[in-house]
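Structure record follows, encoded as structure tokens.
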Amino acid sequence: LRPLVRQPQPPPTSDMFSRVLPTARSLGHARRAMATLPPPQLFDYATITSNLKVSQAIEAVEAAFGALAKGEVDVPIPMHIGIDESAAAGPGDCHIKGGYIFGTTTWTVKLANVSFYKNVDKGLPPGSGVFIVCDATNGAPLGIFQENRYMTDLRTGAAGAVAVKHCVNRDADKVCFVGGGVINLAMATACASVHDFRSGTVFGLDMAQSEAFAKQITDELGYPMTVCDTVEDALADADVVFTATPAAAPVLELGMLKPSATIIASGSDQPTKQEIPVEVQKASRMVCDLVRQCSRVGELRSAIEAGVMTEDDVHAELGEIVNGTKPGRVGDELILVDLTGTGAQDAAIGQVAWEVLGSK
């Protein structure tokens, strides 16, 4: 047998390249020929706020919760980026959420920048954000909505309204707000579309903010609001309690609550936050917007970590109540609704925004 010997290869010639380059050039031409998707439209804050309404958000978000409970929404666990305070940046947080609702024509990714509290000293809001709404048929970005949290607040308030609609007694007339910021303002505004409160209280650490909150509610929604010096005073005899604070420790106690109250907690959206003590969670009929998310970043997380609850102890997801597969309120029980904010809500309000503004 003759040994195998690698034969020397001739140096490359221009003829060799001529046989390869046309293929590369053709590929480039093909790519350029296919690159015909139009750029996304940009919608500014003023356009968004003057065209999107609370009633549209409530209808869309309620349907989204129903679809979520049926497994018809692809919604990932949120991404969180913490901007630690330094000489160059922060403090602040970035939340990235999104989703796709089966059968709709768009899908959405939302970037919410929150808790940049130093902005206030600069005359700027502490939160901002954008929605990117994409075509579900070809994946192309359709619109970039510079909503600066308006759409986020719309869909958050809408979730509160859905919770009130399904978990609050019809004769409930006194409401309490723990926290006088924009989230509770969104809750109050949206809930006025589904329930009539006759009086309210507010407690917050910032007295000036609480007073401004109370005045706005009275002026715009028509029922009297009392600013309280303590949370216990604010909670006294309240039928419905909204908590929306960045607290890392409970803001109320079980003994402060009316036994038949409905608590709608929306402050906890990351593992460092907690508004509701575990004793209240254990004593309540608990409803979550999304159990697997609440167990990681919501109020439910603290009860699981304390060993007093498991995911199986949750009565229902809000969408199950919307769909009628599980009951909401059935009597005078204490109810806790844990709202962490889901990508399903973002997908829903993104679809609405495109339907309303995309054709203009």
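Here's how to read the names in the structure tokens: chain A, B, ... by the order shown, residue numbers from 1 in each chain, ligand numbers from 1 in the order shown.
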Practice problem: With a distance cut-off of 12 Å and only C-alpha atoms, select the neighbouring residues of Gly324 (chain A), excluding the residue or stretch itself and same-chain residues fewer than 6 positions from it, and output the selection as a VMD selection string. | Solution: chain A and resid 65 to 66 69 to 70 166 316 to 318
Quiz item: Where does DSSP see helix (DSSP H, G or I) in region 54-202 of chain A, if you list the residues as a VMD selection string?
Solution: chain A and resid 54 to 69 117 to 122 150 to 167 182 to 191
Practice problem: Give me, please, the distance in Å between CA of Lys122 (chain A) and CA of Lys215 (chain A), quoted to one decimal. | Solution: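 Between CA of Lys122 (chain A) and CA of Lys215 (chain A) the gap is 24.7 Å.
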Quiz item: Which is closer to Gln56 (chain A) than all the others in A:Ile81, A:Ala244, A:Ala190, A:Val352, using only C-alpha atoms?
Solution: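 The answer is A:Val352, which sits nearest to Gln56 (chain A).
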Exercise. Within 8 Å of region 271-280 of chain A, counting only C-alpha atoms, which residues show up once you throw out same-chain ones fewer than 5 positions away? Write them as number ranges by chain, please.
Key: A: 243, 245-254, 265, 296-299, 301-303, 306, 308
Could the residues in this selection be saved with C-alpha atoms as an mmCIF file, in the first residue's frame?
data_model
loop_
_atom_site.group_PDB
_atom_site.id
_atom_site.type_symbol
_atom_site.label_atom_id
_atom_site.label_comp_id
_atom_site.auth_asym_id
_atom_site.auth_seq_id
_atom_site.Cartn_x
_atom_site.Cartn_y
_atom_site.Cartn_z
ATOM 1 C CA THR A 243 -52.449 49.478 48.812
ATOM 2 C CA THR A 245 -46.624 51.673 48.030
ATOM 3 C CA PRO A 246 -42.979 50.671 47.539
ATOM 4 C CA ALA A 247 -42.909 49.256 51.082
ATOM 5 C CA ALA A 248 -40.499 46.509 52.068
ATOM 6 C CA ALA A 249 -42.466 45.759 55.269
ATOM 7 C CA PRO A 250 -46.219 45.434 55.925
ATOM 8 C CA VAL A 251 -48.217 48.650 55.900
ATOM 9 C CA LEU A 252 -51.226 47.344 57.881
ATOM 10 C CA GLU A 253 -52.276 44.696 60.404
ATOM 11 C CA LEU A 254 -55.047 42.111 60.446
ATOM 12 C CA ALA A 265 -52.606 45.110 46.756
ATOM 13 C CA ARG A 296 -41.957 35.054 43.007
ATOM 14 C CA VAL A 297 -42.499 38.804 43.241
ATOM 15 C CA GLY A 298 -45.937 39.418 44.774
ATOM 16 C CA GLU A 299 -47.384 39.343 48.272
ATOM 17 C CA ARG A 301 -43.961 35.241 47.983
ATOM 18 C CA SER A 302 -43.620 36.352 51.607
ATOM 19 C CA ALA A 303 -46.308 33.943 52.832
ATOM 20 C CA ALA A 306 -42.739 32.173 55.944
ATOM 21 C CA VAL A 308 -47.770 29.673 56.116
#
Quiz item: Near region 146-157 of chain A, counting only C-alpha atoms, which residues have an atom at most 6 Å away, once you skip same-chain residues fewer than 4 positions from it, shown as a list in words?
Solution: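 Neighbouring residues, sequence-local ones excluded: Asp44, Tyr45, Ala57, Ser128, Gly129, Val130, Ala186, Met187, Ala190 and Gln345 of chain A.
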Self-check item: Shell around Val330 (chain A) at 12 Å using only C-alpha atoms, local window under 4 positions removed, as an MDAnalysis selection string
Solution: chainID A and resid 166:170 260 285 321 326 334:335
Which of region 46-132 of chain A counts as strand (DSSP E or B) under DSSP, as a PDB file with N, CA and C atoms, in the first residue's frame please?
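The result, written out as selection19.pdb:
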ATOM      1  N   VAL A  73     -52.557  32.898  26.625  1.00  0.00           N
ATOM      2  CA  VAL A  73     -51.629  34.028  26.575  1.00  0.00           C
ATOM      3  C   VAL A  73     -50.218  33.513  26.813  1.00  0.00           C
ATOM      4  N   ASP A  74     -49.313  33.859  25.930  1.00  0.00           N
ATOM      5  CA  ASP A  74     -47.900  33.554  26.149  1.00  0.00           C
ATOM      6  C   ASP A  74     -47.300  34.742  26.887  1.00  0.00           C
ATOM      7  N   MET A  79     -38.778  40.686  33.524  1.00  0.00           N
ATOM      8  CA  MET A  79     -37.357  40.955  33.759  1.00  0.00           C
ATOM      9  C   MET A  79     -37.240  42.236  34.595  1.00  0.00           C
ATOM     10  N   HIS A  80     -36.350  42.201  35.560  1.00  0.00           N
ATOM     11  CA  HIS A  80     -36.137  43.371  36.411  1.00  0.00           C
ATOM     12  C   HIS A  80     -34.676  43.772  36.361  1.00  0.00           C
ATOM     13  N   ILE A  81     -34.434  45.060  36.133  1.00  0.00           N
ATOM     14  CA  ILE A  81     -33.072  45.619  36.161  1.00  0.00           C
ATOM     15  C   ILE A  81     -33.035  46.679  37.250  1.00  0.00           C
ATOM     16  N   GLY A  82     -32.200  46.482  38.249  1.00  0.00           N
ATOM     17  CA  GLY A  82     -32.068  47.450  39.325  1.00  0.00           C
ATOM     18  C   GLY A  82     -30.949  48.434  39.029  1.00  0.00           C
ATOM     19  N   ILE A  83     -31.267  49.715  39.133  1.00  0.00           N
ATOM     20  CA  ILE A  83     -30.267  50.769  38.930  1.00  0.00           C
ATOM     21  C   ILE A  83     -29.872  51.278  40.314  1.00  0.00           C
ATOM     22  N   GLY A  92     -33.166  53.614  40.868  1.00  0.00           N
ATOM     23  CA  GLY A  92     -34.328  53.388  40.029  1.00  0.00           C
ATOM     24  C   GLY A  92     -34.461  51.923  39.662  1.00  0.00           C
ATOM     25  N   ASP A  93     -35.538  51.605  38.980  1.00  0.00           N
ATOM     26  CA  ASP A  93     -35.804  50.236  38.562  1.00  0.00           C
ATOM     27  C   ASP A  93     -36.350  50.231  37.146  1.00  0.00           C
ATOM     28  N   CYS A  94     -36.062  49.156  36.444  1.00  0.00           N
ATOM     29  CA  CYS A  94     -36.618  48.945  35.116  1.00  0.00           C
ATOM     30  C   CYS A  94     -37.330  47.596  35.107  1.00  0.00           C
ATOM     31  N   HIS A  95     -38.584  47.597  34.651  1.00  0.00           N
ATOM     32  CA  HIS A  95     -39.356  46.362  34.531  1.00  0.00           C
ATOM     33  C   HIS A  95     -39.684  46.138  33.056  1.00  0.00           C
ATOM     34  N   ILE A  96     -39.411  44.939  32.571  1.00  0.00           N
ATOM     35  CA  ILE A  96     -39.698  44.599  31.181  1.00  0.00           C
ATOM     36  C   ILE A  96     -40.721  43.465  31.170  1.00  0.00           C
ATOM     37  N   LYS A  97     -41.867  43.739  30.590  1.00  0.00           N
ATOM     38  CA  LYS A  97     -42.950  42.762  30.522  1.00  0.00           C
ATOM     39  C   LYS A  97     -43.500  42.728  29.103  1.00  0.00           C
ATOM     40  N   GLY A  98     -44.302  41.728  28.831  1.00  0.00           N
ATOM     41  CA  GLY A  98     -44.916  41.633  27.521  1.00  0.00           C
ATOM     42  C   GLY A  98     -45.682  40.346  27.367  1.00  0.00           C
ATOM     43  N   GLY A  99     -46.279  40.172  26.202  1.00  0.00           N
ATOM     44  CA  GLY A  99     -47.023  38.951  25.964  1.00  0.00           C
ATOM     45  C   GLY A  99     -47.755  38.974  24.647  1.00  0.00           C
ATOM     46  N   TYR A 100     -48.333  37.827  24.337  1.00  0.00           N
ATOM     47  CA  TYR A 100     -49.170  37.680  23.145  1.00  0.00           C
ATOM     48  C   TYR A 100     -50.443  36.940  23.524  1.00  0.00           C
ATOM     49  N   ILE A 101     -51.583  37.494  23.170  1.00  0.00           N
ATOM     50  CA  ILE A 101     -52.885  36.881  23.426  1.00  0.00           C
ATOM     51  C   ILE A 101     -53.320  36.157  22.163  1.00  0.00           C
ATOM     52  N   THR A 106     -51.601  41.630  17.263  1.00  0.00           N
ATOM     53  CA  THR A 106     -50.344  42.236  17.712  1.00  0.00           C
ATOM     54  C   THR A 106     -49.828  41.531  18.948  1.00  0.00           C
ATOM     55  N   TRP A 107     -48.546  41.746  19.225  1.00  0.00           N
ATOM     56  CA  TRP A 107     -47.967  41.359  20.508  1.00  0.00           C
ATOM     57  C   TRP A 107     -47.129  42.529  21.001  1.00  0.00           C
ATOM     58  N   THR A 108     -46.870  42.561  22.305  1.00  0.00           N
ATOM     59  CA  THR A 108     -46.315  43.768  22.924  1.00  0.00           C
ATOM     60  C   THR A 108     -45.167  43.450  23.872  1.00  0.00           C
ATOM     61  N   VAL A 109     -44.174  44.333  23.865  1.00  0.00           N
ATOM     62  CA  VAL A 109     -43.125  44.359  24.885  1.00  0.00           C
ATOM     63  C   VAL A 109     -43.141  45.751  25.507  1.00  0.00           C
ATOM     64  N   LYS A 110     -43.125  45.801  26.850  1.00  0.00           N
ATOM     65  CA  LYS A 110     -43.205  47.072  27.562  1.00  0.00           C
ATOM     66  C   LYS A 110     -41.981  47.287  28.436  1.00  0.00           C
ATOM     67  N   LEU A 111     -41.432  48.485  28.369  1.00  0.00           N
ATOM     68  CA  LEU A 111     -40.299  48.881  29.204  1.00  0.00           C
ATOM     69  C   LEU A 111     -40.789  49.963  30.158  1.00  0.00           C
ATOM     70  N   ALA A 112     -40.843  49.648  31.451  1.00  0.00           N
ATOM     71  CA  ALA A 112     -41.305  50.612  32.457  1.00  0.00           C
ATOM     72  C   ALA A 112     -40.145  50.980  33.372  1.00  0.00           C
ATOM     73  N   ASN A 113     -39.813  52.253  33.415  1.00  0.00           N
ATOM     74  CA  ASN A 113     -38.740  52.764  34.259  1.00  0.00           C
ATOM     75  C   ASN A 113     -39.379  53.491  35.438  1.00  0.00           C
ATOM     76  N   VAL A 114     -39.134  52.993  36.641  1.00  0.00           N
ATOM     77  CA  VAL A 114     -39.867  53.492  37.810  1.00  0.00           C
ATOM     78  C   VAL A 114     -38.918  53.800  38.961  1.00  0.00           C
ATOM     79  N   SER A 128     -41.087  56.595  33.683  1.00  0.00           N
ATOM     80  CA  SER A 128     -41.226  56.791  32.241  1.00  0.00           C
ATOM     81  C   SER A 128     -41.334  55.410  31.604  1.00  0.00           C
ATOM     82  N   GLY A 129     -41.500  55.379  30.288  1.00  0.00           N
ATOM     83  CA  GLY A 129     -41.549  54.074  29.652  1.00  0.00           C
ATOM     84  C   GLY A 129     -42.043  54.121  28.222  1.00  0.00           C
ATOM     85  N   VAL A 130     -41.868  52.996  27.525  1.00  0.00           N
ATOM     86  CA  VAL A 130     -42.339  52.850  26.159  1.00  0.00           C
ATOM     87  C   VAL A 130     -42.975  51.473  25.978  1.00  0.00           C
ATOM     88  N   PHE A 131     -43.956  51.418  25.090  1.00  0.00           N
ATOM     89  CA  PHE A 131     -44.532  50.168  24.619  1.00  0.00           C
ATOM     90  C   PHE A 131     -44.083  49.967  23.175  1.00  0.00           C
ATOM     91  N   ILE A 132     -43.674  48.769  22.850  1.00  0.00           N
ATOM     92  CA  ILE A 132     -43.381  48.413  21.470  1.00  0.00           C
ATOM     93  C   ILE A 132     -44.422  47.386  21.040  1.00  0.00           C
TER      94      ILE A 132
END
Practice problem: Would you kindly return, as a ChimeraX atom specification, each protein, DNA or RNA residue with an atom no farther than 12 Å from any atom of region 200-206 of chain A, considering only C-alpha atoms and excluding same-chain residues fewer than 3 positions away? | Solution: /A:172-181,184-185,188,196-197,209-218,221-247,251-252
